[in-house]
$ cat query22.cif   # mmCIF, C-alpha atoms and all ligand atoms
data_structure
#
loop_
_atom_site.label_atom_id
_atom_site.label_comp_id
_atom_site.auth_asym_id
_atom_site.auth_seq_id
_atom_site.Cartn_x
_atom_site.Cartn_y
_atom_site.Cartn_z
CA MET A 299 59.24 -6.54 -10.26
CA PHE A 300 56.40 -4.23 -11.25
CA SER A 301 55.46 -5.61 -14.68
CA GLN A 302 54.80 -3.32 -17.64
CA LYS A 303 51.45 -5.03 -18.15
CA LEU A 304 50.33 -4.12 -14.65
CA GLN A 305 51.69 -0.57 -14.95
CA ASP A 306 49.72 -0.14 -18.20
CA ALA A 307 46.56 -1.43 -16.55
CA ILE A 308 46.95 0.97 -13.61
CA ASN A 309 47.45 3.87 -16.03
CA GLU A 310 44.14 2.86 -17.63
CA GLN A 311 42.54 2.81 -14.19
CA ILE A 312 43.79 6.33 -13.42
CA ASN A 313 41.92 7.39 -16.55
CA ALA A 314 38.81 5.45 -15.52
CA GLU A 315 38.80 7.17 -12.11
CA TYR A 316 39.11 10.60 -13.72
CA TYR A 317 36.28 9.70 -16.10
CA SER A 318 34.17 8.76 -13.05
CA ALA A 319 35.02 12.12 -11.47
CA TYR A 320 34.08 13.95 -14.66
CA MET A 321 30.81 12.01 -14.98
CA TYR A 322 29.76 12.85 -11.41
CA LEU A 323 30.65 16.50 -11.96
CA ALA A 324 28.40 16.49 -15.06
CA MET A 325 25.62 14.97 -12.97
CA SER A 326 26.18 17.61 -10.29
CA ALA A 327 25.85 20.33 -12.93
CA TRP A 328 22.63 18.78 -14.29
CA LEU A 329 21.15 18.63 -10.77
CA GLU A 330 22.19 22.23 -10.02
CA GLU A 331 20.45 23.40 -13.17
CA ARG A 332 17.24 21.72 -12.04
CA ASP A 333 17.40 23.25 -8.55
CA PHE A 334 18.30 20.17 -6.55
CA PRO A 335 21.18 21.59 -4.48
CA GLY A 336 21.24 18.60 -2.10
CA PHE A 337 21.59 15.97 -4.82
CA ALA A 338 24.09 18.24 -6.59
CA HIS A 339 26.15 18.50 -3.39
CA TRP A 340 26.09 14.69 -3.03
CA MET A 341 27.38 14.32 -6.59
CA ARG A 342 30.01 17.00 -6.06
CA LEU A 343 31.39 14.99 -3.11
CA GLN A 344 31.27 11.89 -5.30
CA TYR A 345 33.40 13.78 -7.84
CA GLU A 346 35.92 14.65 -5.12
CA GLU A 347 36.10 11.03 -3.98
CA GLU A 348 36.90 9.91 -7.51
CA VAL A 349 39.76 12.38 -7.74
CA VAL A 350 41.12 10.88 -4.51
CA HIS A 351 40.83 7.41 -6.08
CA ALA A 352 42.78 8.55 -9.14
CA LEU A 353 45.47 10.11 -6.95
CA LYS A 354 45.77 6.94 -4.87
CA PHE A 355 46.79 5.07 -8.02
CA PHE A 356 48.94 8.00 -9.17
CA ASP A 357 50.85 8.14 -5.86
CA PHE A 358 51.30 4.38 -5.86
CA MET A 359 52.90 4.59 -9.31
CA VAL A 360 55.18 7.43 -8.14
CA GLU A 361 56.26 5.45 -5.07
CA ARG A 362 57.18 2.49 -7.25
CA ASP A 363 59.05 4.58 -9.79
CA ALA A 364 56.65 3.56 -12.56
CA HIS A 365 55.92 5.38 -15.80
CA ILE A 366 52.70 7.41 -15.55
CA GLU A 367 50.77 8.12 -18.70
CA LEU A 368 47.75 10.40 -18.43
CA LYS A 369 45.27 9.83 -21.23
CA ALA A 370 42.40 11.92 -22.62
CA ILE A 371 39.26 11.95 -20.51
CA ALA A 372 36.10 11.23 -22.54
CA ALA A 373 33.14 13.59 -22.29
CA PRO A 374 30.44 12.25 -19.96
CA PRO A 375 26.70 12.36 -20.78
CA SER A 376 25.28 15.82 -20.11
CA ASP A 377 21.56 15.03 -20.09
CA TYR A 378 19.50 12.73 -17.90
CA LYS A 379 15.84 11.79 -17.76
CA SER A 380 15.29 12.30 -14.03
CA VAL A 381 16.99 12.27 -10.64
CA LEU A 382 16.26 8.53 -10.48
CA ASP A 383 17.93 8.09 -13.88
CA VAL A 384 21.04 9.87 -12.55
CA PHE A 385 21.33 7.42 -9.66
CA GLU A 386 20.52 4.36 -11.75
CA ARG A 387 23.35 5.34 -14.07
CA THR A 388 25.57 5.88 -11.03
CA LEU A 389 24.92 2.31 -9.87
CA ALA A 390 25.52 0.87 -13.34
CA HIS A 391 28.76 2.84 -13.56
CA GLU A 392 29.96 1.69 -10.16
CA GLN A 393 29.21 -1.93 -11.09
CA HIS A 394 31.37 -1.41 -14.17
CA VAL A 395 34.17 0.08 -12.03
CA THR A 396 33.91 -2.90 -9.67
CA SER A 397 34.57 -5.22 -12.61
CA LEU A 398 37.60 -3.10 -13.61
CA ILE A 399 38.99 -3.30 -10.06
CA ASN A 400 38.37 -7.05 -9.90
CA ASN A 401 40.19 -7.54 -13.22
CA LEU A 402 43.11 -5.47 -11.93
CA TYR A 403 43.28 -7.58 -8.79
CA GLN A 404 43.24 -10.74 -10.90
CA LEU A 405 46.14 -9.36 -12.95
CA ALA A 406 48.07 -8.45 -9.78
CA LEU A 407 47.63 -12.06 -8.63
CA GLU A 408 48.80 -13.47 -11.96
CA GLU A 409 51.82 -11.17 -11.95
CA GLY A 410 52.62 -12.02 -8.32
CA ASP A 411 52.63 -8.32 -7.43
CA TYR A 412 51.94 -8.13 -3.70
CA PRO A 413 51.98 -4.32 -3.21
CA SER A 414 49.34 -3.93 -5.93
CA GLN A 415 47.23 -6.60 -4.28
CA VAL A 416 47.30 -4.67 -0.99
CA LEU A 417 46.35 -1.42 -2.72
CA LEU A 418 43.56 -3.10 -4.65
CA GLN A 419 42.09 -4.67 -1.53
CA TRP A 420 41.30 -1.12 -0.38
CA PHE A 421 39.51 -0.50 -3.68
CA ILE A 422 37.60 -3.79 -3.46
CA ASN A 423 36.15 -2.66 -0.12
CA GLU A 424 35.51 0.81 -1.45
CA GLN A 425 33.48 -0.57 -4.35
CA VAL A 426 31.18 -2.41 -1.94
CA GLU A 427 30.50 0.95 -0.29
CA GLU A 428 30.13 2.80 -3.60
CA GLU A 429 27.53 0.35 -4.91
CA LYS A 430 25.66 0.39 -1.60
CA ASN A 431 25.45 4.20 -1.58
CA ALA A 432 23.95 4.24 -5.08
CA ARG A 433 21.52 1.41 -4.28
CA ASP A 434 20.35 3.19 -1.10
CA ALA A 435 19.70 6.40 -3.02
CA ILE A 436 17.75 4.51 -5.71
CA ALA A 437 15.61 2.78 -3.07
CA GLN A 438 14.74 6.13 -1.46
CA LEU A 439 13.99 7.74 -4.83
CA ARG A 440 11.64 4.88 -5.71
CA HIS A 441 9.81 5.40 -2.41
CA VAL A 442 9.27 9.12 -2.88
CA GLY A 443 8.70 9.10 -6.66
CA ASP A 444 10.27 11.46 -9.12
CA SER A 445 8.52 14.67 -8.14
CA GLY A 446 6.68 16.38 -5.32
CA VAL A 447 7.41 17.19 -1.73
CA GLY A 448 9.06 13.84 -0.98
CA LEU A 449 11.73 14.59 -3.55
CA ILE A 450 12.36 18.03 -2.00
CA MET A 451 12.73 16.42 1.44
CA LEU A 452 15.16 13.86 0.05
CA ASP A 453 17.12 16.66 -1.62
CA ARG A 454 17.52 18.28 1.81
CA GLU A 455 18.71 15.01 3.29
CA MET A 456 21.29 14.54 0.53
CA ALA A 457 22.64 18.00 1.37
CA THR A 458 23.86 16.64 4.72
CA ARG A 459 26.40 14.24 3.18
CA GLN A 460 29.86 14.90 4.63
CA PRO A 461 33.15 14.44 2.79
CA SER A 462 35.01 11.23 3.63
CA PRO A 463 38.13 11.69 5.82
CA GLU A 464 40.28 10.91 2.79
CA VAL A 465 38.79 13.78 0.82
CA THR A 466 39.27 16.13 3.77
CA GLY A 467 42.87 14.98 4.13
CA GLN A 468 43.48 15.44 0.43
CA ASN A 469 42.15 18.99 0.53
CA ALA A 470 44.21 19.79 3.61
CA ALA A 471 47.36 18.54 1.87
CA ALA A 472 46.64 20.51 -1.30
FE1 LIG B 501 36.47 5.14 -8.01
FE2 LIG B 501 33.38 5.26 -7.67
O1 LIG B 501 34.89 4.26 -7.92
#

$ encode --input "query22.cif" --output "C-alpha cells"
Amino acid sequence: MFSQKLQDAINEQINAEYYSAYMYLAMSAWLEERDFPGFAHWMRLQYEEEVVHALKFFDFMVERDAHIELKAIAAPPSDYKSVLDVFERTLAHEQHVTSLINNLYQLALEEGDYPSQVLLQWFINEQVEEEKNARDAIAQLRHVGDSGVGLIMLDREMATRQPSPEVTGQNAAA
C-alpha cells in the first residue's frame, strides 16, 4: 500500500526538483548576461537534468495510480556575486537536496514501501554525482581565480559538457 504520507512527500519532492530546475535556469541566465556561454551551457544542462528528476517522480506516481499535486514554484535568486558564488550556491543546494532524498528514503523504509526504496536508491547515487560535479567546479574556480584568462579557459571547458543519456532519452521521447 502506497501511503498518503509518502505520496504527499513525493509531491513535495516533485516541487523541489522543479525549483532546482528553475534555480539553475536563473543561474544560466545570469551567466549568459555576463558572457560566460560555457558556464551558462553547463547550468542549462543542469536545468534539464532537474526536469528529468521531477519527471522520474511524476512517472512513478502515475505508474502507482497516486494523486499528483503540482504546487507553485518559488522564484529563485536572480543575482550572484561571481561565478564562484554561483557554484558554491549550487553545492549548498545539492547538499540540501541530498538531505531531502535521504529523508524520503527514511520515510519509505518506515512505511515499508519497497518500490519507493528502489526508486530512491537511484536518487541517492545521483546525489553523490551532483555534489561531486559542483565540488569539482568550485575547486577549478578557486585555482583560476574569479577573473582573467584562466576563467575564460575554464568557460570553454564547461562548454564541452554533454547531456546525460537520460536527458537525451527524455528529449527524444518528447
Ligand atoms: Fe535533482 Fe540536483 O538534484

$ residues_near_ligand --input "query22.cif" --ligand "ligand LIG 501 (chain B)" --cutoff "6 Å" --atoms "all atoms listed in the file" --output "list of chain:residue names"
A:Glu315, A:Glu348, A:His351, A:Glu392, A:Val395, A:Glu428

$ atom_distance --input "query22.cif" --atom1 "CA of Asp357 (chain A)" --atom2 "CA of Tyr322 (chain A)"
22.3 Å

$ closest_residue --input "query22.cif" --among "A:Phe300, A:Tyr317, A:Trp340, A:Phe358" --to "Ala457 (chain A)" --atoms "only C-alpha atoms"
A:Trp340

$ closest_residue --input "query22.cif" --among "A:Ser397, A:Glu386, A:His339, A:Gln311" --to "Thr458 (chain A)" --atoms "all atoms listed in the file"
A:His339

$ closest_residue --input "query22.cif" --among "A:Ile371, A:Val416, A:Arg387, A:Val381" --to "Ala338 (chain A)" --atoms "all atoms listed in the file"
A:Val381

$ atom_distance --input "query22.cif" --atom1 "CA of Pro375 (chain A)" --atom2 "CA of Lys430 (chain A)"
22.6 Å

$ residues_around --input "query22.cif" --residues "Ala435 (chain A)" --least-positions-apart "5" --cutoff "12 Å" --atoms "all atoms listed in the file" --output "VMD selection string"
chain A and resid 337 340 to 341 381 to 389 428 to 430 440 to 443 449 452 to 453 455 to 456

$ closest_residue --input "query22.cif" --among "A:Met299, A:Ile312, A:Ala437, A:Gln415" --to "Lys354 (chain A)" --atoms "all atoms listed in the file"
A:Ile312
